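Shown next: my_file13.txt, containing compact mmCIF, C-alpha atoms.
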# COMPACT_ATOMS: atom_id res chain seq x y z
CA MET R 11 0.00 0.00 0.00
CA TYR R 12 2.90 2.35 0.80
CA SER R 13 6.16 2.85 -1.07
CA VAL R 14 9.47 3.63 0.61
CA PRO R 15 9.26 7.36 1.37
CA GLY R 16 11.24 9.71 -0.84
CA ILE R 17 11.98 13.37 -0.25
CA LYS R 18 8.55 14.47 -1.56
CA THR R 19 6.86 12.15 0.92
CA ILE R 20 9.06 13.42 3.74
CA LYS R 21 8.36 17.06 2.90
CA ALA R 22 4.64 16.25 2.75
CA ALA R 23 4.98 14.71 6.22
CA GLN R 24 6.77 17.84 7.40
CA ALA R 25 3.85 19.99 6.25
CA ARG R 26 1.29 17.57 7.72
CA ILE R 27 2.80 17.50 11.19
CA LYS R 28 3.82 21.17 11.37
CA PRO R 29 0.80 22.34 13.43
CA TYR R 30 1.37 19.66 16.07
CA VAL R 31 5.15 19.36 16.59
CA HIS R 32 8.05 21.67 17.37
CA TYR R 33 10.71 22.71 14.89
CA THR R 34 13.35 21.80 17.46
CA PRO R 35 16.51 23.85 18.00
CA VAL R 36 20.10 22.87 17.32
CA PHE R 37 22.49 23.44 20.22
CA THR R 38 26.28 23.44 20.39
CA SER R 39 28.88 23.07 23.14
CA SER R 40 32.47 24.25 22.84
CA THR R 41 33.41 21.93 25.73
CA LEU R 42 32.05 18.85 23.99
CA ASP R 43 33.64 19.99 20.73
CA ARG R 44 37.02 19.99 22.50
CA ILE R 45 36.41 16.57 24.07
CA CYS R 46 35.49 15.00 20.72
CA GLY R 47 37.77 16.99 18.45
CA LYS R 48 34.77 17.73 16.23
CA GLN R 49 32.31 20.53 15.60
CA ILE R 50 29.09 19.00 16.96
CA PHE R 51 25.51 20.08 16.31
CA PHE R 52 22.89 18.60 18.65
CA LYS R 53 19.38 18.30 17.16
CA CYS R 54 17.36 18.57 20.35
CA GLU R 55 14.40 16.22 20.00
CA ASN R 56 14.39 16.03 23.79
CA LEU R 57 12.59 19.38 23.48
CA GLN R 58 10.00 17.91 21.10
CA LYS R 59 6.33 17.38 21.95
CA VAL R 60 6.01 14.36 24.29
CA GLY R 61 9.73 14.78 24.94
CA ALA R 62 10.90 12.69 21.99
CA PHE R 63 11.20 12.49 18.21
CA LYS R 64 8.45 9.83 18.28
CA ALA R 65 5.85 12.61 18.09
CA ARG R 66 6.81 13.15 14.45
CA GLY R 67 6.11 9.63 13.24
CA ALA R 68 2.99 9.12 15.31
CA VAL R 69 1.41 12.40 14.22
CA ASN R 70 2.22 11.71 10.58
CA ALA R 71 0.74 8.22 10.76
CA VAL R 72 -2.43 9.27 12.57
CA PHE R 73 -3.11 12.27 10.34
CA SER R 74 -2.38 10.17 7.23
CA LEU R 75 -5.35 7.93 8.03
CA SER R 76 -8.41 8.49 5.85
CA GLU R 77 -11.98 7.88 7.01
CA ASN R 78 -11.93 4.58 5.08
CA ASP R 79 -8.93 3.36 7.07
CA PHE R 80 -11.09 2.96 10.17
CA PRO R 81 -12.96 -0.36 9.85
CA ALA R 82 -16.65 -0.63 10.59
CA GLY R 83 -17.98 -3.05 13.17
CA GLY R 84 -15.79 -2.30 16.16
CA THR R 85 -17.09 -1.08 19.49
CA GLU R 86 -15.50 2.33 18.92
CA GLU R 87 -16.00 4.52 15.84
CA LYS R 88 -12.42 5.76 15.42
CA CYS R 89 -9.40 4.73 17.41
CA VAL R 90 -5.76 3.73 17.06
CA THR R 91 -3.64 1.32 19.03
CA THR R 92 -0.04 0.23 19.53
CA HIS R 93 2.26 -1.62 21.88
CA SER R 94 5.19 0.31 23.33
CA SER R 95 7.24 0.62 26.49
CA GLY R 96 7.26 4.39 26.41
CA ASN R 97 7.92 7.16 23.93
CA HIS R 98 5.88 5.81 21.01
CA ALA R 99 3.04 5.08 23.40
CA ALA R 100 2.99 8.70 24.56
CA ALA R 101 3.42 9.93 20.99
CA LEU R 102 0.46 7.92 19.70
CA ALA R 103 -1.68 9.07 22.61
CA TYR R 104 -0.72 12.67 21.83
CA ALA R 105 -1.39 12.27 18.10
CA ALA R 106 -4.81 10.74 18.75
CA LEU R 107 -5.63 13.59 21.14
CA CYS R 108 -4.68 16.12 18.45
CA ARG R 109 -6.97 14.42 15.93
CA GLY R 110 -9.80 13.98 18.42
CA ILE R 111 -9.89 10.17 18.37
CA LYS R 112 -9.21 7.52 20.99
CA ALA R 113 -5.99 5.61 21.59
CA HIS R 114 -5.44 2.21 23.19
CA VAL R 115 -1.89 1.40 24.26
CA VAL R 116 -0.44 -1.91 25.42
CA MET R 117 2.45 -1.31 27.80
CA PRO R 118 4.61 -3.82 29.68
CA GLU R 119 4.07 -3.80 33.40
CA ASN R 120 7.74 -2.93 33.96
CA ALA R 121 7.71 0.18 31.74
CA PRO R 122 9.32 3.25 33.39
CA PRO R 123 6.79 5.04 35.64
CA VAL R 124 7.52 8.40 33.99
CA LYS R 125 6.44 6.96 30.64
CA LYS R 126 3.31 5.30 32.04
CA GLU R 127 2.28 8.65 33.51
CA ALA R 128 2.89 10.45 30.22
CA VAL R 129 0.70 8.03 28.26
CA ALA R 130 -2.12 8.32 30.78
CA GLY R 131 -1.74 12.09 30.78
CA TYR R 132 -2.56 12.25 27.07
CA GLY R 133 -5.78 10.33 27.66
CA ALA R 134 -4.90 6.93 26.23
CA ARG R 135 -6.47 3.79 27.62
CA ILE R 136 -3.62 1.60 28.86
CA THR R 137 -3.64 -2.19 28.91
CA TYR R 138 -0.75 -3.67 30.86
CA SER R 139 0.83 -6.95 29.82
CA GLU R 140 3.85 -9.08 30.62
CA SER R 141 7.01 -7.72 29.05
CA THR R 142 7.37 -10.48 26.44
CA GLN R 143 6.71 -9.72 22.78
CA LYS R 144 4.14 -12.54 22.67
CA ALA R 145 2.17 -11.09 25.57
CA ARG R 146 2.18 -7.60 24.05
CA GLU R 147 0.98 -8.86 20.67
CA GLU R 148 -1.79 -10.99 22.16
CA ALA R 149 -3.09 -8.04 24.17
CA LEU R 150 -2.93 -5.84 21.07
CA GLN R 151 -4.82 -8.36 18.93
CA ALA R 152 -7.58 -8.53 21.54
CA ILE R 153 -7.95 -4.72 21.45
CA VAL R 154 -8.09 -4.67 17.63
CA ALA R 155 -10.69 -7.45 17.58
CA ARG R 156 -12.85 -5.73 20.20
CA THR R 157 -12.61 -2.09 19.13
CA GLY R 158 -11.64 -2.07 15.46
CA ALA R 159 -8.64 0.10 16.31
CA VAL R 160 -6.04 0.80 13.61
CA PHE R 161 -2.61 -0.52 14.62
CA ILE R 162 0.26 1.99 14.29
CA HIS R 163 3.54 0.12 14.65
CA PRO R 164 6.19 1.89 16.76
CA TYR R 165 8.73 1.89 13.91
CA ASN R 166 7.96 -0.67 11.18
CA ASP R 167 5.51 1.57 9.34
CA LEU R 168 6.48 3.72 6.36
CA ARG R 169 4.26 6.58 7.53
CA VAL R 170 6.11 6.53 10.85
CA ILE R 171 9.48 6.38 9.09
CA ALA R 172 8.55 9.40 6.94
CA GLY R 173 7.60 11.35 10.05
CA GLN R 174 10.84 10.48 11.84
CA ALA R 175 12.78 11.51 8.72
CA THR R 176 11.69 15.12 9.24
CA ALA R 177 14.10 15.49 12.19
CA ALA R 178 17.13 15.02 9.92
CA LEU R 179 15.46 17.11 7.22
CA GLU R 180 15.26 20.01 9.67
CA LEU R 181 18.81 19.44 10.90
CA MET R 182 20.18 19.72 7.38
CA GLU R 183 18.13 22.87 6.81
CA GLN R 184 19.53 24.37 10.00
CA VAL R 185 23.14 23.27 9.53
CA PRO R 186 24.20 22.94 5.88
CA GLY R 187 27.27 20.92 5.01
CA LEU R 188 27.23 18.26 7.72
CA GLU R 189 29.77 15.56 6.96
CA THR R 190 28.23 12.93 9.24
CA ILE R 191 24.91 12.48 11.06
CA ILE R 192 24.62 9.99 13.93
CA ALA R 193 21.26 8.72 15.21
CA PRO R 194 20.48 6.08 17.84
CA VAL R 195 18.96 2.81 16.62
CA GLY R 196 16.47 0.49 18.26
CA GLY R 197 13.73 -0.61 15.88
CA GLY R 198 15.25 1.60 13.20
CA GLY R 199 12.50 4.12 12.45
CA LEU R 200 14.64 7.15 13.26
CA LEU R 201 17.83 5.83 11.68
CA SER R 202 16.14 4.70 8.45
CA GLY R 203 14.31 8.03 8.18
CA THR R 204 17.55 9.90 8.82
CA ALA R 205 19.27 7.91 6.08
CA ILE R 206 16.51 8.63 3.55
CA SER R 207 16.63 12.37 4.26
CA ALA R 208 20.42 12.47 4.01
CA VAL R 209 20.73 10.47 0.81
CA SER R 210 17.98 12.59 -0.78
CA LEU R 211 19.34 16.01 0.18
CA GLN R 212 23.06 15.57 0.88
CA PRO R 213 24.26 12.22 -0.49
CA GLU R 214 27.83 13.10 0.48
CA THR R 215 26.79 13.09 4.16
CA GLU R 216 27.50 9.80 5.91
CA VAL R 217 24.84 8.42 8.26
CA LEU R 218 25.88 6.26 11.22
CA GLY R 219 23.83 4.41 13.83
CA ALA R 220 24.59 4.34 17.56
CA GLU R 221 23.66 1.34 19.68
CA PRO R 222 24.38 -0.13 23.14
CA GLU R 223 26.86 -3.00 23.30
CA GLY R 224 24.30 -4.89 25.39
CA ALA R 225 21.61 -4.58 22.71
CA ASP R 226 23.63 -4.69 19.52
CA ASP R 227 21.28 -6.50 17.12
CA ALA R 228 21.52 -3.72 14.50
CA PHE R 229 25.34 -3.94 14.56
CA ARG R 230 25.16 -7.70 14.09
CA SER R 231 22.39 -7.48 11.48
CA LEU R 232 24.30 -5.00 9.33
CA ARG R 233 27.38 -7.21 9.50
CA ALA R 234 25.39 -10.36 8.64
CA GLY R 235 23.32 -8.77 5.88
CA LYS R 236 20.10 -10.00 7.45
CA ILE R 237 17.99 -9.27 10.54
CA ILE R 238 19.44 -10.83 13.69
CA PRO R 239 16.63 -10.59 16.27
CA GLN R 240 17.30 -8.94 19.60
CA ALA R 241 17.91 -11.51 22.35
CA ASN R 242 17.99 -10.67 26.05
CA PRO R 243 19.04 -7.00 25.70
CA ARG R 244 20.84 -5.59 28.72
CA THR R 245 21.13 -1.82 28.70
CA ILE R 246 19.86 1.24 30.53
CA ALA R 247 18.88 2.64 27.11
CA ASP R 248 15.35 1.24 27.36
CA GLY R 249 14.26 2.82 24.06
CA LEU R 250 16.83 0.77 22.13
CA ARG R 251 15.97 -2.76 23.23
CA THR R 252 13.82 -3.63 20.21
CA SER R 253 14.74 -5.52 17.04
CA LEU R 254 14.91 -4.02 13.56
CA GLY R 255 11.84 -4.37 11.34
CA ASP R 256 11.53 -5.77 7.84
CA LEU R 257 10.84 -2.24 6.55
CA THR R 258 13.58 -0.42 8.46
CA PHE R 259 16.40 -2.94 7.95
CA PRO R 260 16.64 -2.77 4.13
CA ILE R 261 16.88 1.04 4.26
CA ILE R 262 19.56 0.91 6.95
CA TYR R 263 21.47 -1.84 5.16
CA LYS R 264 21.52 0.17 1.94
CA HIS R 265 22.17 3.68 3.23
CA VAL R 266 23.85 3.56 6.68
CA GLY R 267 27.64 3.44 6.71
CA ALA R 268 28.07 1.61 10.01
CA ILE R 269 26.58 0.94 13.43
CA LEU R 270 28.87 2.02 16.28
CA THR R 271 28.36 0.68 19.81
CA ALA R 272 29.02 2.00 23.29
CA GLY R 273 29.20 0.36 26.70
CA GLU R 274 26.98 1.21 29.65
CA GLU R 275 29.57 3.37 31.41
CA GLU R 276 30.17 5.30 28.19
CA ILE R 277 26.43 5.90 27.81
CA ILE R 278 26.14 7.16 31.37
CA GLU R 279 29.20 9.40 30.95
CA ALA R 280 27.78 10.95 27.77
CA MET R 281 24.36 11.45 29.33
CA ARG R 282 25.88 13.16 32.35
CA LEU R 283 28.09 15.38 30.20
CA VAL R 284 25.05 16.70 28.34
CA TRP R 285 23.20 17.35 31.59
CA GLU R 286 26.17 19.10 33.17
CA ARG R 287 27.68 20.99 30.24
CA MET R 288 24.63 21.78 28.11
CA LYS R 289 21.97 21.91 30.86
CA LEU R 290 19.76 19.62 28.77
CA VAL R 291 17.70 16.79 30.21
CA ILE R 292 18.19 13.73 28.00
CA GLU R 293 17.40 10.05 28.50
CA PRO R 294 19.96 7.24 28.16
CA SER R 295 18.93 6.31 24.60
CA ALA R 296 19.56 9.89 23.49
CA ALA R 297 23.12 9.78 24.82
CA LEU R 298 24.23 7.05 22.40
CA PRO R 299 25.33 9.31 19.51
CA LEU R 300 27.60 11.32 21.79
CA ALA R 301 28.81 8.16 23.55
CA VAL R 302 30.00 6.60 20.30
CA LEU R 303 31.49 9.88 19.11
CA ILE R 304 33.56 10.10 22.30
CA SER R 305 34.62 6.44 22.31
CA LYS R 306 34.93 5.80 18.56
CA GLY R 307 35.51 9.26 17.11
CA SER R 308 38.28 7.99 14.85
CA GLN R 309 35.62 6.01 12.95
CA VAL R 310 33.48 9.11 12.36
CA ARG R 311 34.29 10.89 9.11
CA GLY R 312 34.77 14.64 8.92
CA GLU R 313 34.85 17.47 11.41
CA LYS R 314 31.24 18.73 11.17
CA VAL R 315 28.93 16.21 12.83
CA GLY R 316 25.21 16.27 13.59
CA LEU R 317 23.82 14.22 16.49
CA ILE R 318 20.11 13.52 16.84
CA VAL R 319 19.26 13.75 20.54
CA SER R 320 16.26 11.45 20.47
CA GLY R 321 14.45 12.17 23.74
CA GLY R 322 14.42 13.61 27.22
CA ASN R 323 12.08 11.36 29.19
CA ALA R 324 14.51 10.41 31.92
CA ASP R 325 13.33 8.83 35.16
CA LEU R 326 14.43 11.49 37.63
CA ASP R 327 14.07 9.10 40.57
CA HIS R 328 16.49 6.58 39.05
CA LEU R 329 19.24 8.50 37.31
CA PRO R 330 22.03 6.09 36.33
CA TRP R 331 24.81 7.97 38.11
CA LEU R 332 23.06 7.98 41.49

Output the file's structure as structure tokens, nothing else.
Amino acid sequence: MYSVPGIKTIKAAQARIKPYVHYTPVFTSSTLDRICGKQIFFKCENLQKVGAFKARGAVNAVFSLSENDFPAGGTEEKCVTTHSSGNHAAALAYAALCRGIKAHVVMPENAPPVKKEAVAGYGARITYSESTQKAREEALQAIVARTGAVFIHPYNDLRVIAGQATAALELMEQVPGLETIIAPVGGGGLLSGTAISAVSLQPETEVLGAEPEGADDAFRSLRAGKIIPQANPRTIADGLRTSLGDLTFPIIYKHVGAILTAGEEEIIEAMRLVWERMKLVIEPSAALPLAVLISKGSQVRGEKVGLIVSGGNADLDHLPWL
């Protein structure tokens, strides 16, 4: 039904979501430039609606739905649903609120409290499940069968990918001539969207992914040339514990130069540096691009580097350095 989004599709997404999301700022830090030996430009999606880039994809997907996309026969006239441990859940709830429809969200019982509260705050109806993929999917299928809700996948949806791609589109508008852009990778929606924007507008710009060593399925998948499912991820970067999708992987495999990984202490160090030096609240997943730039800067081409700071929904009661 949907083709891989090109630049026209991404610009259409940008226009569609404009009334509902922020055109986020780009910040710099001379201290972090000195530490990394690069000129760094931080695209601050931690200052985005719902505190994460996920607002872009969710809003684009929800507002792309036509009246005919909502099936008849459910218990509710118009609603959307998803399964997510946090930021996509809040983003879908927010997008549904903006459109004036209902949202049902399946969340694992062990999701961070700050993210549970955010989803509830946007008015979504939450169904809690065990944290296994099987349990999430079974709960989701029951909601779809009962309500007729339209499922919006957290990342493996081309409408979502097109929405996430607008972050890199903006970054390249704000900072021309970037030699490299680094984005974190979990399911791959942000990284694949970033790659599409870069190859469309500045094909000379290299795109890299950043991933935790304890959840390195994207690193292994790119090396193997096929999807290697995530198995028992162990990382504080809770937004990056998912596996790549069959829509996101081919884009990443074709257009991303490499996946760089960082250890847990490196993630915590990068997160704390941003808090201390830039006075920005970011979550662990958002620290990955800086973490790999600090630890593996020799593998990053050029001197002018853009980092996509994916979100700022940190659990203030459980900061990793406490």

Close residues, Ala106 of chain R itself excluded, 8 Å, only C-alpha atoms, min 4 positions apart in chain, as a ChimeraX atom specification: /R:69,72,89-90,102,110-113

Residue among R:Leu75, R:Leu201, R:Leu218, R:Ala134 lying closest to Ile261 of chain R, counting all atoms listed in the file: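 Going through R:Leu75, R:Leu201, R:Leu218, R:Ala134 one by one, the smallest distance to Ile261 of chain R is for R:Leu201.
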
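When all atoms listed in the file are used to compute distances to Gly235 of chain R, the closest of the residues R:Pro260, R:Tyr33, R:Ser253, R:Gly316 turns out to be R:Pro260.
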
Nearby residues, (27.1, 17.0, 1.2) file frame, 8 Å, all atoms listed in the file, as a list in words: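 So the residues meeting the distance criterion are Gly187, Leu188, Glu189, Leu211, Gln212, Pro213, Glu214 and Thr215 of chain R.
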
Residues within 10 Å of (20.7, -3.4, 20.1), file coords, all atoms listed in the file, listed as JSON, numbers by chain: {"R": [194, 195, 196, 197, 220, 221, 222, 223, 224, 225, 226, 227, 228, 229, 230, 231, 238, 239, 240, 241, 242, 243, 244, 245, 247, 249, 250, 251, 252, 253, 254, 269, 271]}

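The space between atom CA of Lys126 of chain R and atom CA of Tyr138 of chain R spans 9.9 Å.
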
For Leu317 of chain R, the nearest of the candidates R:Pro294, R:Gly273, R:Gly219, R:Gly255, counting all atoms listed in the file: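 When distances to Leu317 of chain R are compared using all atoms listed in the file, the smallest one comes from R:Gly219.
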
Residue with smallest distance to His328 of chain R - pool R:Glu313, R:Glu127, R:Glu293, R:Asp79, counting all atoms listed in the file: R:Glu293

From R:Asn166, R:Thr190, R:Thr91, R:Ser76, residue lying nearest Leu150 of chain R [only C-alpha atoms]: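 Using only C-alpha atoms, Leu150 of chain R sits closest to R:Thr91.
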
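In this model, the gap between atom CA of His163 of chain R and atom CA of Phe73 of chain R comes to 14.5 Å.
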
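Here the question is which of R:Ala234, R:Phe63, R:Glu140, R:Pro186 gets nearest to Asn120 of chain R using only C-alpha atoms, and that residue is R:Glu140.
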
Near-Val154 of chain R list (9 Å; only C-alpha atoms; drop same-chain fewer than 5 positions) as a count of residues only: 7

Enclose the full set of atoms of segment 116-123 of chain R listed in the file within a box whose edges lie along x, y and z, apply 5 Å of padding to each of the six sides, and report centre and edge lengths in Å to one decimal as JSON.
{"center_x": 4.4, "center_y": 0.6, "center_z": 30.5, "size_x": 19.8, "size_y": 18.9, "size_z": 20.2}

Between atom CA of Gly267 of chain R and atom CA of Gly199 of chain R, distance in Å (one decimal): 16.2 Å

Residues within 9 Å of Ala62 of chain R, only C-alpha atoms, excluding chain neighbours under 4 positions, as a VMD selection string: chain R and resid 54 to 58 66 97 to 98 101 319 to 323

Shell of 8 Å around Tyr132 of chain R, all atoms listed in the file, local chain residues under 3 positions omitted, as a list in words: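 With the cut-off at 8 Å, the set is Ala100, Ala103, Tyr104, Leu107, Ala128 and Val129 of chain R.
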
Keeping N, CA and C atoms (and nothing else), can you write segment 246-270 of chain R of this structure as a PDB file, in the first residue's frame?
ATOM      1  N   ILE R 246      20.718   0.220  29.924  1.00  0.00           N
ATOM      2  CA  ILE R 246      19.864   1.241  30.529  1.00  0.00           C
ATOM      3  C   ILE R 246      19.121   2.042  29.466  1.00  0.00           C
ATOM      4  N   ALA R 247      19.536   1.910  28.204  1.00  0.00           N
ATOM      5  CA  ALA R 247      18.883   2.642  27.107  1.00  0.00           C
ATOM      6  C   ALA R 247      17.615   1.888  26.717  1.00  0.00           C
ATOM      7  N   ASP R 248      16.545   2.070  27.505  1.00  0.00           N
ATOM      8  CA  ASP R 248      15.348   1.242  27.358  1.00  0.00           C
ATOM      9  C   ASP R 248      14.650   1.438  26.014  1.00  0.00           C
ATOM     10  N   GLY R 249      14.881   2.579  25.359  1.00  0.00           N
ATOM     11  CA  GLY R 249      14.260   2.822  24.065  1.00  0.00           C
ATOM     12  C   GLY R 249      14.935   2.086  22.922  1.00  0.00           C
ATOM     13  N   LEU R 250      16.056   1.403  23.194  1.00  0.00           N
ATOM     14  CA  LEU R 250      16.834   0.768  22.130  1.00  0.00           C
ATOM     15  C   LEU R 250      16.926  -0.745  22.315  1.00  0.00           C
ATOM     16  N   ARG R 251      15.943  -1.312  22.971  1.00  0.00           N
ATOM     17  CA  ARG R 251      15.972  -2.757  23.233  1.00  0.00           C
ATOM     18  C   ARG R 251      15.200  -3.572  22.207  1.00  0.00           C
ATOM     19  N   THR R 252      14.644  -2.930  21.188  1.00  0.00           N
ATOM     20  CA  THR R 252      13.822  -3.626  20.210  1.00  0.00           C
ATOM     21  C   THR R 252      14.657  -4.093  19.018  1.00  0.00           C
ATOM     22  N   SER R 253      14.083  -5.011  18.244  1.00  0.00           N
ATOM     23  CA  SER R 253      14.743  -5.516  17.038  1.00  0.00           C
ATOM     24  C   SER R 253      14.370  -4.663  15.836  1.00  0.00           C
ATOM     25  N   LEU R 254      15.213  -4.688  14.818  1.00  0.00           N
ATOM     26  CA  LEU R 254      14.914  -4.017  13.558  1.00  0.00           C
ATOM     27  C   LEU R 254      13.698  -4.658  12.891  1.00  0.00           C
ATOM     28  N   GLY R 255      12.997  -3.861  12.058  1.00  0.00           N
ATOM     29  CA  GLY R 255      11.844  -4.367  11.340  1.00  0.00           C
ATOM     30  C   GLY R 255      12.179  -4.678   9.896  1.00  0.00           C
ATOM     31  N   ASP R 256      11.265  -5.398   9.233  1.00  0.00           N
ATOM     32  CA  ASP R 256      11.530  -5.766   7.842  1.00  0.00           C
ATOM     33  C   ASP R 256      11.388  -4.591   6.880  1.00  0.00           C
ATOM     34  N   LEU R 257      10.865  -3.458   7.355  1.00  0.00           N
ATOM     35  CA  LEU R 257      10.840  -2.236   6.551  1.00  0.00           C
ATOM     36  C   LEU R 257      12.054  -1.358   6.841  1.00  0.00           C
ATOM     37  N   THR R 258      12.460  -1.305   8.100  1.00  0.00           N
ATOM     38  CA  THR R 258      13.578  -0.425   8.460  1.00  0.00           C
ATOM     39  C   THR R 258      14.927  -1.017   8.072  1.00  0.00           C
ATOM     40  N   PHE R 259      15.075  -2.343   8.208  1.00  0.00           N
ATOM     41  CA  PHE R 259      16.396  -2.940   7.949  1.00  0.00           C
ATOM     42  C   PHE R 259      16.904  -2.722   6.525  1.00  0.00           C
ATOM     43  N   PRO R 260      16.099  -2.959   5.476  1.00  0.00           N
ATOM     44  CA  PRO R 260      16.643  -2.768   4.130  1.00  0.00           C
ATOM     45  C   PRO R 260      17.133  -1.346   3.867  1.00  0.00           C
ATOM     46  N   ILE R 261      16.451  -0.354   4.432  1.00  0.00           N
ATOM     47  CA  ILE R 261      16.876   1.039   4.260  1.00  0.00           C
ATOM     48  C   ILE R 261      18.207   1.265   4.962  1.00  0.00           C
ATOM     49  N   ILE R 262      18.315   0.760   6.177  1.00  0.00           N
ATOM     50  CA  ILE R 262      19.557   0.910   6.948  1.00  0.00           C
ATOM     51  C   ILE R 262      20.705   0.165   6.269  1.00  0.00           C
ATOM     52  N   TYR R 263      20.432  -1.032   5.810  1.00  0.00           N
ATOM     53  CA  TYR R 263      21.475  -1.841   5.165  1.00  0.00           C
ATOM     54  C   TYR R 263      22.012  -1.144   3.915  1.00  0.00           C
ATOM     55  N   LYS R 264      21.125  -0.473   3.186  1.00  0.00           N
ATOM     56  CA  LYS R 264      21.520   0.169   1.936  1.00  0.00           C
ATOM     57  C   LYS R 264      22.207   1.507   2.153  1.00  0.00           C
ATOM     58  N   HIS R 265      21.756   2.278   3.160  1.00  0.00           N
ATOM     59  CA  HIS R 265      22.166   3.677   3.226  1.00  0.00           C
ATOM     60  C   HIS R 265      22.976   4.074   4.460  1.00  0.00           C
ATOM     61  N   VAL R 266      23.108   3.208   5.451  1.00  0.00           N
ATOM     62  CA  VAL R 266      23.845   3.557   6.676  1.00  0.00           C
ATOM     63  C   VAL R 266      25.259   2.993   6.591  1.00  0.00           C
ATOM     64  N   GLY R 267      26.251   3.845   6.859  1.00  0.00           N
ATOM     65  CA  GLY R 267      27.638   3.442   6.714  1.00  0.00           C
ATOM     66  C   GLY R 267      28.091   2.405   7.710  1.00  0.00           C
ATOM     67  N   ALA R 268      27.644   2.540   8.966  1.00  0.00           N
ATOM     68  CA  ALA R 268      28.067   1.609  10.010  1.00  0.00           C
ATOM     69  C   ALA R 268      27.196   1.822  11.246  1.00  0.00           C
ATOM     70  N   ILE R 269      27.169   0.823  12.096  1.00  0.00           N
ATOM     71  CA  ILE R 269      26.581   0.939  13.431  1.00  0.00           C
ATOM     72  C   ILE R 269      27.736   0.914  14.427  1.00  0.00           C
ATOM     73  N   LEU R 270      27.847   1.957  15.248  1.00  0.00           N
ATOM     74  CA  LEU R 270      28.869   2.016  16.284  1.00  0.00           C
ATOM     75  C   LEU R 270      28.224   1.743  17.635  1.00  0.00           C
TER      76      LEU R 270
END
